[in-house]
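Asks: Next up, model_3.txt (compact mmCIF, C-alpha atoms).
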# COMPACT_ATOMS: atom_id res chain seq x y z
CA MET A 230 13.90 19.65 17.52
CA LYS A 231 12.48 19.68 14.00
CA ARG A 232 10.11 17.33 12.17
CA ILE A 233 11.32 15.67 8.96
CA LEU A 234 9.10 14.06 6.35
CA LEU A 235 10.63 11.29 4.28
CA LYS A 236 9.39 9.96 0.94
CA ILE A 237 10.48 6.33 0.72
CA ALA A 238 10.54 3.64 -1.97
CA TYR A 239 11.07 -0.01 -1.13
CA ASP A 240 10.82 -3.50 -2.52
CA GLY A 241 8.83 -5.39 0.09
CA THR A 242 9.91 -8.86 -1.03
CA ASN A 243 12.35 -9.51 1.79
CA PHE A 244 10.55 -7.56 4.51
CA HIS A 245 7.97 -8.69 7.07
CA GLY A 246 6.07 -5.49 6.33
CA TRP A 247 6.60 -1.88 7.33
CA GLN A 248 6.13 -2.17 11.10
CA LYS A 249 8.92 -3.11 13.49
CA GLN A 250 8.66 -6.67 14.82
CA GLU A 251 11.03 -8.31 17.25
CA GLY A 252 13.51 -10.52 15.44
CA LEU A 253 12.05 -9.82 11.98
CA ARG A 254 13.29 -7.54 9.20
CA SER A 255 11.05 -4.51 8.63
CA VAL A 256 11.27 -1.29 6.62
CA GLN A 257 10.67 0.85 9.70
CA GLY A 258 13.40 -1.00 11.58
CA GLU A 259 15.96 -0.58 8.77
CA ILE A 260 15.38 3.17 8.49
CA GLU A 261 15.37 3.82 12.24
CA GLN A 262 18.65 1.90 12.55
CA ALA A 263 20.13 3.93 9.69
CA ILE A 264 19.10 7.21 11.34
CA GLU A 265 20.66 6.14 14.64
CA ARG A 266 23.85 5.01 12.92
CA ALA A 267 24.16 8.16 10.80
CA PHE A 268 23.20 10.83 13.33
CA LYS A 269 23.73 9.09 16.70
CA PHE A 270 20.08 9.83 17.38
CA SER A 271 17.37 7.35 18.37
CA CYS A 272 13.92 8.11 16.93
CA ASN A 273 10.48 6.72 16.21
CA LEU A 274 9.37 6.76 12.59
CA PHE A 275 5.65 7.31 11.90
CA ALA A 276 4.34 6.21 8.49
CA SER A 277 1.23 7.13 6.51
CA GLY A 278 0.16 3.54 7.06
CA ARG A 279 1.50 0.03 7.43
CA THR A 280 2.21 -2.17 4.44
CA ASP A 281 2.08 -5.95 4.83
CA ALA A 282 4.85 -8.46 4.18
CA GLY A 283 5.69 -8.56 0.48
CA VAL A 284 3.96 -5.26 -0.36
CA HIS A 285 6.00 -2.55 -2.08
CA ALA A 286 6.02 1.25 -1.97
CA LEU A 287 6.72 3.76 -4.71
CA ALA A 288 6.22 6.66 -2.30
CA GLN A 289 5.60 5.78 1.33
CA MET A 290 5.61 8.82 3.60
CA ALA A 291 6.96 8.84 7.16
CA HIS A 292 8.03 11.48 9.66
CA PHE A 293 10.40 11.65 12.62
CA ASP A 294 11.79 14.31 14.95
CA ILE A 295 15.49 15.06 15.09
CA ASP A 296 17.85 17.67 16.53
CA ASP A 297 17.88 21.02 14.73
CA ALA A 298 21.65 20.74 14.33
CA VAL A 299 21.28 17.96 11.72
CA PRO A 300 21.28 19.59 8.24
CA THR A 301 18.01 18.72 6.46
CA ASN A 302 19.68 18.73 3.05
CA LYS A 303 22.11 15.99 4.13
CA ILE A 304 19.55 13.50 5.48
CA LYS A 305 18.59 11.88 2.16
CA LEU A 306 22.19 11.52 0.97
CA VAL A 307 23.54 10.13 4.25
CA LEU A 308 20.72 7.63 4.80
CA ASN A 309 20.91 6.28 1.25
CA ARG A 310 24.59 5.50 1.78
CA ILE A 311 23.69 3.32 4.76
CA LEU A 312 20.39 1.74 3.77
CA PRO A 313 20.28 -1.64 1.96
CA PRO A 314 19.56 -1.78 -1.79
CA ASP A 315 15.85 -2.55 -1.34
CA VAL A 316 15.10 0.74 0.50
CA GLN A 317 15.65 4.25 -0.85
CA ILE A 318 14.93 7.72 0.52
CA LEU A 319 13.48 9.76 -2.35
CA SER A 320 13.29 13.05 -0.45
CA ALA A 321 13.58 14.56 3.03
CA LYS A 322 12.08 17.89 4.00
CA LYS A 323 11.23 19.86 7.12
CA VAL A 324 7.53 20.10 7.97
CA SER A 325 5.43 21.75 10.66
CA GLU A 326 5.59 20.26 14.15
CA ASN A 327 1.82 19.71 13.87
CA PHE A 328 2.19 17.56 10.76
CA HIS A 329 1.61 13.81 11.08
CA ALA A 330 2.37 11.39 8.25
CA ARG A 331 -0.71 9.30 9.06
CA PHE A 332 -3.29 11.69 10.48
CA SER A 333 -2.58 14.56 8.08
CA ALA A 334 -3.12 12.35 5.02
CA LYS A 335 -6.23 13.17 2.96
CA LYS A 336 -6.21 10.20 0.59
CA LYS A 337 -3.97 7.47 -0.83
CA THR A 338 -3.53 5.70 -4.13
CA TYR A 339 -2.52 2.05 -4.31
CA GLN A 340 -1.49 0.32 -7.51
CA TYR A 341 -1.93 -3.38 -8.23
CA LEU A 342 -0.13 -5.15 -11.09
CA LEU A 343 -1.74 -8.19 -12.72
CA CYS A 344 -0.21 -10.42 -15.38
CA THR A 345 -2.25 -12.85 -17.49
CA GLY A 346 0.78 -14.22 -19.34
CA LYS A 347 3.46 -16.77 -18.51
CA LYS A 348 5.28 -16.41 -15.21
CA ASN A 349 8.57 -14.54 -15.38
CA VAL A 350 10.82 -15.62 -12.51
CA PHE A 351 12.58 -12.24 -12.53
CA GLU A 352 9.28 -10.42 -11.95
CA ALA A 353 7.53 -13.02 -9.79
CA ASN A 354 7.79 -10.86 -6.66
CA ARG A 355 6.55 -7.70 -8.38
CA LYS A 356 3.21 -8.70 -9.88
CA ALA A 357 0.42 -11.25 -9.46
CA TYR A 358 -0.33 -13.89 -12.08
CA THR A 359 -3.86 -14.83 -12.99
CA GLU A 360 -6.05 -16.21 -15.75
CA GLU A 361 -7.00 -14.18 -18.85
CA LEU A 362 -9.26 -11.32 -17.73
CA ASP A 363 -12.02 -9.24 -19.31
CA LEU A 364 -11.11 -5.60 -18.64
CA SER A 365 -14.64 -4.34 -19.39
CA LYS A 366 -16.09 -6.75 -16.81
CA MET A 367 -13.53 -5.58 -14.26
CA GLN A 368 -14.51 -1.95 -14.93
CA GLU A 369 -18.17 -2.88 -14.47
CA CYS A 370 -17.32 -4.35 -11.08
CA ALA A 371 -15.18 -1.33 -10.16
CA LEU A 372 -18.22 0.94 -10.51
CA LEU A 373 -20.05 -1.13 -7.88
CA LEU A 374 -17.15 -0.75 -5.46
CA THR A 375 -16.62 3.00 -5.92
CA GLY A 376 -18.10 5.42 -3.40
CA GLU A 377 -18.69 5.42 0.36
CA HIS A 378 -19.49 1.94 1.66
CA ASP A 379 -19.14 -0.30 4.68
CA PHE A 380 -16.19 -2.44 3.51
CA LYS A 381 -16.30 -4.99 6.32
CA ALA A 382 -16.59 -7.81 3.74
CA PHE A 383 -13.46 -6.50 2.02
CA CYS A 384 -10.93 -6.75 4.83
CA SER A 385 -9.03 -9.36 6.80
CA SER A 386 -10.68 -10.96 9.83
CA GLN A 387 -7.47 -10.05 11.69
CA THR A 388 -8.16 -6.31 11.43
CA SER A 389 -8.37 -4.26 14.61
CA ALA A 390 -10.68 -1.71 12.95
CA LYS A 391 -14.01 -0.89 14.61
CA ASP A 392 -15.33 1.36 11.83
CA PHE A 393 -15.45 -0.18 8.35
CA VAL A 394 -16.86 2.77 6.40
CA ARG A 395 -14.43 4.09 3.80
CA THR A 396 -14.71 6.11 0.60
CA VAL A 397 -13.20 4.80 -2.62
CA TYR A 398 -12.95 7.88 -4.82
CA ASP A 399 -11.78 6.20 -7.98
CA ILE A 400 -10.72 2.85 -9.45
CA LYS A 401 -8.76 3.06 -12.70
CA LEU A 402 -7.94 0.03 -14.83
CA TYR A 403 -5.79 -0.03 -17.93
CA LYS A 404 -3.60 -2.39 -19.92
CA LYS A 405 0.10 -1.64 -19.69
CA SER A 406 0.80 -4.24 -22.37
CA ARG A 407 -0.96 -7.26 -23.84
CA HIS A 408 -0.70 -9.37 -20.67
CA ASN A 409 -0.24 -6.70 -18.01
CA ILE A 410 -3.14 -4.94 -16.30
CA VAL A 411 -2.79 -2.06 -13.83
CA VAL A 412 -5.44 -1.34 -11.21
CA GLU A 413 -5.22 1.95 -9.29
CA VAL A 414 -7.45 2.49 -6.27
CA THR A 415 -7.72 5.91 -4.59
CA GLY A 416 -9.53 6.31 -1.27
CA ASN A 417 -9.61 8.22 2.00
CA GLY A 418 -8.31 5.18 3.89
CA PHE A 419 -7.97 1.42 3.58
CA LEU A 420 -8.64 -1.52 5.86
CA MET A 421 -6.28 -4.46 6.27
CA ASN A 422 -6.02 -6.32 2.92
CA MET A 423 -8.79 -4.11 1.50
CA VAL A 424 -7.11 -3.26 -1.81
CA ARG A 425 -6.08 -6.88 -2.37
CA ILE A 426 -9.68 -8.04 -1.79
CA LEU A 427 -11.13 -5.29 -3.99
CA VAL A 428 -8.85 -6.41 -6.82
CA GLY A 429 -9.66 -10.05 -6.08
CA THR A 430 -13.36 -9.24 -6.33
CA MET A 431 -12.83 -7.61 -9.73
CA VAL A 432 -10.82 -10.64 -10.87
CA ASP A 433 -13.48 -13.11 -9.71
CA TYR A 434 -16.25 -11.02 -11.29
CA SER A 435 -14.35 -11.01 -14.59
CA LEU A 436 -13.98 -14.81 -14.41
CA GLY A 437 -17.69 -15.31 -13.70
CA LYS A 438 -17.12 -16.55 -10.14
CA LEU A 439 -19.09 -13.63 -8.67
CA ASP A 440 -22.13 -11.74 -9.92
CA LYS A 441 -23.52 -8.26 -9.23
CA LYS A 442 -26.05 -9.56 -6.69
CA ARG A 443 -23.30 -11.22 -4.63
CA ILE A 444 -21.14 -8.09 -4.59
CA LEU A 445 -24.03 -5.90 -3.52
CA LYS A 446 -24.77 -8.40 -0.75
CA ALA A 447 -21.13 -8.16 0.39
CA LEU A 448 -21.47 -4.38 0.66
CA GLU A 449 -24.80 -4.62 2.48
CA SER A 450 -24.16 -7.58 4.80
CA GLY A 451 -20.43 -7.32 5.52
CA GLU A 452 -20.06 -11.07 4.92
CA ARG A 453 -16.49 -11.82 3.83
CA SER A 454 -17.65 -14.94 1.93
CA CYS A 455 -19.64 -12.77 -0.49
CA ALA A 456 -16.58 -10.83 -1.70
CA GLY A 457 -13.74 -12.06 -3.89
CA ARG A 458 -10.40 -13.67 -3.21
CA THR A 459 -7.50 -11.97 -1.42
CA MET A 460 -4.85 -11.32 -4.05
CA PRO A 461 -1.21 -12.01 -3.16
CA PRO A 462 0.85 -9.15 -1.68
CA GLN A 463 3.58 -8.98 -4.33
CA GLY A 464 1.32 -7.21 -6.86
CA LEU A 465 0.54 -4.31 -4.49
CA TYR A 466 2.31 -0.94 -4.37
CA LEU A 467 1.62 2.16 -2.29
CA LYS A 468 1.82 4.72 -5.09
CA LYS A 469 0.99 8.11 -3.55
CA VAL A 470 -0.14 9.78 -0.33
CA PHE A 471 -2.01 13.07 -0.63
CA TYR A 472 -1.80 15.81 2.03
Please go through the file and, once you have read it, give me the structure as structure tokens.

Replies:
Amino acid sequence: MKRILLKIAYDGTNFHGWQKQEGLRSVQGEIEQAIERAFKFSCNLFASGRTDAGVHALAQMAHFDIDDAVPTNKIKLVLNRILPPDVQILSAKKVSENFHARFSAKKKTYQYLLCTGKKNVFEANRKAYTEELDLSKMQECALLLTGEHDFKAFCSSQTSAKDFVRTVYDIKLYKKSRHNIVVEVTGNGFLMNMVRILVGTMVDYSLGKLDKKRILKALESGERSCAGRTMPPQGLYLKKVFY
């Protein structure tokens, strides 16, 4: 047996998230079915982390074990012939048997796309629409959220996490065009909905719906009501996993 690491891109619009769920379409399910169909081999695919329904990936990472007889250089080509148009294998390579897509990851970068202009129906599932925003105010808020904190106030109540301490190494914000803002968040790990709430907090701070005192209270108290809104999933992309 050998361990294969896949780099995967997908449009999450028509998926119920990464993880397999009975009777629901998932990215994990599609790829595992493609592997079984192509190589007559049943496997379990382990990702760097789960993405929720509607969330996209520019470079999700996942590993699986397969028979040594399967040529590594054919895996990408064969799977892409079988997979639907909204999933693509970007690369496939052999890794050490001790490697784990989730537990070997050092940090991740997520990207969130915001649009302050008119809604474009052809891009509605690829960005989030909001009011006009003050980028300097968002950057001011980002500084408060950077560093090691207890992010209990910045995650879904449905999380199974017991430890809420995470480190946000960097939050970058820039305008891609007049009405399009990109937010990139890099951290050592993320709680359920954490990036969407971090961005929502920056949005609400920019709009004057939150102040510095309230955000600091969210970080200190863990009270969800002190942090900002949860942004919709369609603006979120898993951009890069670092090993």

Asks: Got a sec: who's within 7 Å of Met431 (chain A), counting only C-alpha atoms, leaving out chain neighbours fewer than 6 positions off, as a PDB file with C-alpha atoms, keeping the file's coordinate frame?

Replies:
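part00.pdb, written as the output of this step:
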ATOM      1  CA  MET A 367     -13.530  -5.580 -14.260  1.00  0.00           C
ATOM      2  CA  CYS A 370     -17.320  -4.350 -11.080  1.00  0.00           C
ATOM      3  CA  ALA A 371     -15.180  -1.330 -10.160  1.00  0.00           C
TER       4      ALA A 371
END

Asks: Measuring atom to atom with all atoms listed in the file, identify which of A:Arg279, A:Lys404, A:Lys231, A:Lys322 is nearest to Asp297 (chain A).

Replies: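 Among the listed residues, the smallest separation from Asp297 (chain A) belongs to A:Lys231.
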
Asks: Name all residues at most 9 Å from Ser386 (chain A) (count all atoms listed in the file; drop same-chain ones fewer than 2 positions away) and give them as a VMD selection string.

Replies: chain A and resid 381 384 388 to 389 421 453

Asks: When distances are computed from only C-alpha atoms, which of A:Phe275, A:Phe332, A:Tyr403, A:Phe293 shows the smallest separation from Phe471 (chain A)?

Replies: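 When distances to Phe471 (chain A) are compared using only C-alpha atoms, the smallest one comes from A:Phe332.
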
Asks: Given the point (-2.2, -4.9, -13.8) in the coordinates of this file, which residues lie within 10 Å, counting all atoms listed in the file, and how would they look as an mmCIF file with C-alpha atoms, keeping the file's coordinate frame?

Replies:
data_model
loop_
_atom_site.group_PDB
_atom_site.id
_atom_site.type_symbol
_atom_site.label_atom_id
_atom_site.label_comp_id
_atom_site.auth_asym_id
_atom_site.auth_seq_id
_atom_site.Cartn_x
_atom_site.Cartn_y
_atom_site.Cartn_z
ATOM 1 C CA GLN A 340 -1.490 0.320 -7.510
ATOM 2 C CA TYR A 341 -1.930 -3.380 -8.230
ATOM 3 C CA LEU A 342 -0.130 -5.150 -11.090
ATOM 4 C CA LEU A 343 -1.740 -8.190 -12.720
ATOM 5 C CA CYS A 344 -0.210 -10.420 -15.380
ATOM 6 C CA THR A 345 -2.250 -12.850 -17.490
ATOM 7 C CA LYS A 356 3.210 -8.700 -9.880
ATOM 8 C CA ALA A 357 0.420 -11.250 -9.460
ATOM 9 C CA TYR A 358 -0.330 -13.890 -12.080
ATOM 10 C CA LEU A 402 -7.940 0.030 -14.830
ATOM 11 C CA TYR A 403 -5.790 -0.030 -17.930
ATOM 12 C CA LYS A 404 -3.600 -2.390 -19.920
ATOM 13 C CA LYS A 405 0.100 -1.640 -19.690
ATOM 14 C CA SER A 406 0.800 -4.240 -22.370
ATOM 15 C CA HIS A 408 -0.700 -9.370 -20.670
ATOM 16 C CA ASN A 409 -0.240 -6.700 -18.010
ATOM 17 C CA ILE A 410 -3.140 -4.940 -16.300
ATOM 18 C CA VAL A 411 -2.790 -2.060 -13.830
ATOM 19 C CA VAL A 412 -5.440 -1.340 -11.210
ATOM 20 C CA GLU A 413 -5.220 1.950 -9.290
ATOM 21 C CA VAL A 428 -8.850 -6.410 -6.820
ATOM 22 C CA GLY A 464 1.320 -7.210 -6.860
ATOM 23 C CA LEU A 465 0.540 -4.310 -4.490
#

Asks: Residues around (-14.7, -15.9, -15.7), cut-off 10 Å, counting only C-alpha atoms - what are they as an MDAnalysis selection string?

Replies: chainID A and resid 360:363 366 432:439

Asks: Work out how far CA of Ala382 (chain A) is from CA of Thr338 (chain A), in Å to one decimal.

Replies: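 Taking CA of Thr338 (chain A) as the start and CA of Ala382 (chain A) as the end point, the length is 20.4 Å.
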
Asks: Would you work out the distance separating CA of Phe244 (chain A) from CA of Pro300 (chain A), expressed in Å to one decimal?

Replies: 29.4 Å

Asks: Just how far from CA of Val424 (chain A) is CA of Lys468 (chain A), in Å to one decimal?

Replies: 12.4 Å

Asks: I want to know what sits within 8 Å of region 348-354 of chain A, based on all atoms listed in the file, with residues of the same chain fewer than 5 positions away left out; could you give that as number ranges by chain?

Replies: A: 242, 283, 463-464

Asks: So, with all atoms listed in the file as the atoms that count, which of A:Val414, A:Ala390, A:Ile304, A:Val316 lies closest to Ile426 (chain A)?

Replies: A:Val414

Asks: Since the input lacks some atoms of region 242-269 of chain A, please model N, CA and C atoms and print them as a PDB file, in the coordinates of the input.

Replies:
ATOM      1  N   THR A 242       9.724  -7.409  -0.910  1.00  0.00           N
ATOM      2  CA  THR A 242       9.910  -8.860  -1.030  1.00  0.00           C
ATOM      3  C   THR A 242      10.537  -9.501   0.201  1.00  0.00           C
ATOM      4  N   ASN A 243      11.592  -8.906   0.689  1.00  0.00           N
ATOM      5  CA  ASN A 243      12.350  -9.510   1.790  1.00  0.00           C
ATOM      6  C   ASN A 243      12.081  -8.858   3.151  1.00  0.00           C
ATOM      7  N   PHE A 244      10.940  -8.188   3.250  1.00  0.00           N
ATOM      8  CA  PHE A 244      10.550  -7.560   4.510  1.00  0.00           C
ATOM      9  C   PHE A 244       9.295  -8.224   5.072  1.00  0.00           C
ATOM     10  N   HIS A 245       9.183  -8.218   6.393  1.00  0.00           N
ATOM     11  CA  HIS A 245       7.970  -8.690   7.070  1.00  0.00           C
ATOM     12  C   HIS A 245       7.022  -7.509   7.278  1.00  0.00           C
ATOM     13  N   GLY A 246       6.935  -6.654   6.266  1.00  0.00           N
ATOM     14  CA  GLY A 246       6.070  -5.490   6.330  1.00  0.00           C
ATOM     15  C   GLY A 246       6.791  -4.243   6.783  1.00  0.00           C
ATOM     16  N   TRP A 247       6.030  -3.155   6.892  1.00  0.00           N
ATOM     17  CA  TRP A 247       6.600  -1.880   7.330  1.00  0.00           C
ATOM     18  C   TRP A 247       6.943  -1.894   8.810  1.00  0.00           C
ATOM     19  N   GLN A 248       6.031  -2.343   9.645  1.00  0.00           N
ATOM     20  CA  GLN A 248       6.130  -2.170  11.100  1.00  0.00           C
ATOM     21  C   GLN A 248       7.235  -3.004  11.739  1.00  0.00           C
ATOM     22  N   LYS A 249       7.893  -2.406  12.718  1.00  0.00           N
ATOM     23  CA  LYS A 249       8.920  -3.110  13.490  1.00  0.00           C
ATOM     24  C   LYS A 249       8.333  -4.324  14.191  1.00  0.00           C
ATOM     25  N   GLN A 250       9.055  -5.455  14.129  1.00  0.00           N
ATOM     26  CA  GLN A 250       8.660  -6.670  14.820  1.00  0.00           C
ATOM     27  C   GLN A 250       9.920  -7.327  15.361  1.00  0.00           C
ATOM     28  N   GLU A 251       9.857  -7.733  16.587  1.00  0.00           N
ATOM     29  CA  GLU A 251      11.030  -8.310  17.250  1.00  0.00           C
ATOM     30  C   GLU A 251      11.568  -9.499  16.465  1.00  0.00           C
ATOM     31  N   GLY A 252      12.845  -9.413  16.103  1.00  0.00           N
ATOM     32  CA  GLY A 252      13.510 -10.520  15.440  1.00  0.00           C
ATOM     33  C   GLY A 252      13.207 -10.663  13.956  1.00  0.00           C
ATOM     34  N   LEU A 253      12.411  -9.740  13.393  1.00  0.00           N
ATOM     35  CA  LEU A 253      12.050  -9.820  11.980  1.00  0.00           C
ATOM     36  C   LEU A 253      12.491  -8.544  11.252  1.00  0.00           C
ATOM     37  N   ARG A 254      12.832  -8.689   9.985  1.00  0.00           N
ATOM     38  CA  ARG A 254      13.290  -7.540   9.200  1.00  0.00           C
ATOM     39  C   ARG A 254      12.078  -6.714   8.745  1.00  0.00           C
ATOM     40  N   SER A 255      12.124  -5.406   9.023  1.00  0.00           N
ATOM     41  CA  SER A 255      11.050  -4.510   8.630  1.00  0.00           C
ATOM     42  C   SER A 255      11.626  -3.239   8.030  1.00  0.00           C
ATOM     43  N   VAL A 256      10.809  -2.543   7.231  1.00  0.00           N
ATOM     44  CA  VAL A 256      11.270  -1.290   6.620  1.00  0.00           C
ATOM     45  C   VAL A 256      11.484  -0.230   7.694  1.00  0.00           C
ATOM     46  N   GLN A 257      10.545  -0.110   8.610  1.00  0.00           N
ATOM     47  CA  GLN A 257      10.670   0.850   9.700  1.00  0.00           C
ATOM     48  C   GLN A 257      11.955   0.608  10.484  1.00  0.00           C
ATOM     49  N   GLY A 258      12.211  -0.649  10.809  1.00  0.00           N
ATOM     50  CA  GLY A 258      13.400  -1.000  11.580  1.00  0.00           C
ATOM     51  C   GLY A 258      14.688  -0.626  10.859  1.00  0.00           C
ATOM     52  N   GLU A 259      14.754  -0.893   9.553  1.00  0.00           N
ATOM     53  CA  GLU A 259      15.960  -0.580   8.770  1.00  0.00           C
ATOM     54  C   GLU A 259      16.233   0.918   8.764  1.00  0.00           C
ATOM     55  N   ILE A 260      15.184   1.718   8.573  1.00  0.00           N
ATOM     56  CA  ILE A 260      15.380   3.170   8.490  1.00  0.00           C
ATOM     57  C   ILE A 260      15.725   3.766   9.850  1.00  0.00           C
ATOM     58  N   GLU A 261      15.046   3.306  10.900  1.00  0.00           N
ATOM     59  CA  GLU A 261      15.370   3.820  12.240  1.00  0.00           C
ATOM     60  C   GLU A 261      16.806   3.477  12.625  1.00  0.00           C
ATOM     61  N   GLN A 262      17.255   2.284  12.269  1.00  0.00           N
ATOM     62  CA  GLN A 262      18.650   1.900  12.550  1.00  0.00           C
ATOM     63  C   GLN A 262      19.619   2.767  11.760  1.00  0.00           C
ATOM     64  N   ALA A 263      19.267   3.082  10.510  1.00  0.00           N
ATOM     65  CA  ALA A 263      20.130   3.930   9.690  1.00  0.00           C
ATOM     66  C   ALA A 263      20.223   5.340  10.254  1.00  0.00           C
ATOM     67  N   ILE A 264      19.102   5.876  10.735  1.00  0.00           N
ATOM     68  CA  ILE A 264      19.100   7.210  11.340  1.00  0.00           C
ATOM     69  C   ILE A 264      19.984   7.233  12.584  1.00  0.00           C
ATOM     70  N   GLU A 265      19.847   6.202  13.416  1.00  0.00           N
ATOM     71  CA  GLU A 265      20.660   6.140  14.640  1.00  0.00           C
ATOM     72  C   GLU A 265      22.143   6.021  14.313  1.00  0.00           C
ATOM     73  N   ARG A 266      22.449   5.198  13.311  1.00  0.00           N
ATOM     74  CA  ARG A 266      23.850   5.010  12.920  1.00  0.00           C
ATOM     75  C   ARG A 266      24.443   6.281  12.320  1.00  0.00           C
ATOM     76  N   ALA A 267      23.646   6.982  11.496  1.00  0.00           N
ATOM     77  CA  ALA A 267      24.160   8.160  10.800  1.00  0.00           C
ATOM     78  C   ALA A 267      24.281   9.372  11.709  1.00  0.00           C
ATOM     79  N   PHE A 268      23.277   9.573  12.570  1.00  0.00           N
ATOM     80  CA  PHE A 268      23.200  10.830  13.330  1.00  0.00           C
ATOM     81  C   PHE A 268      23.320  10.638  14.842  1.00  0.00           C
ATOM     82  N   LYS A 269      23.588   9.387  15.264  1.00  0.00           N
ATOM     83  CA  LYS A 269      23.730   9.090  16.700  1.00  0.00           C
ATOM     84  C   LYS A 269      22.496   9.563  17.458  1.00  0.00           C
TER      85      LYS A 269
END
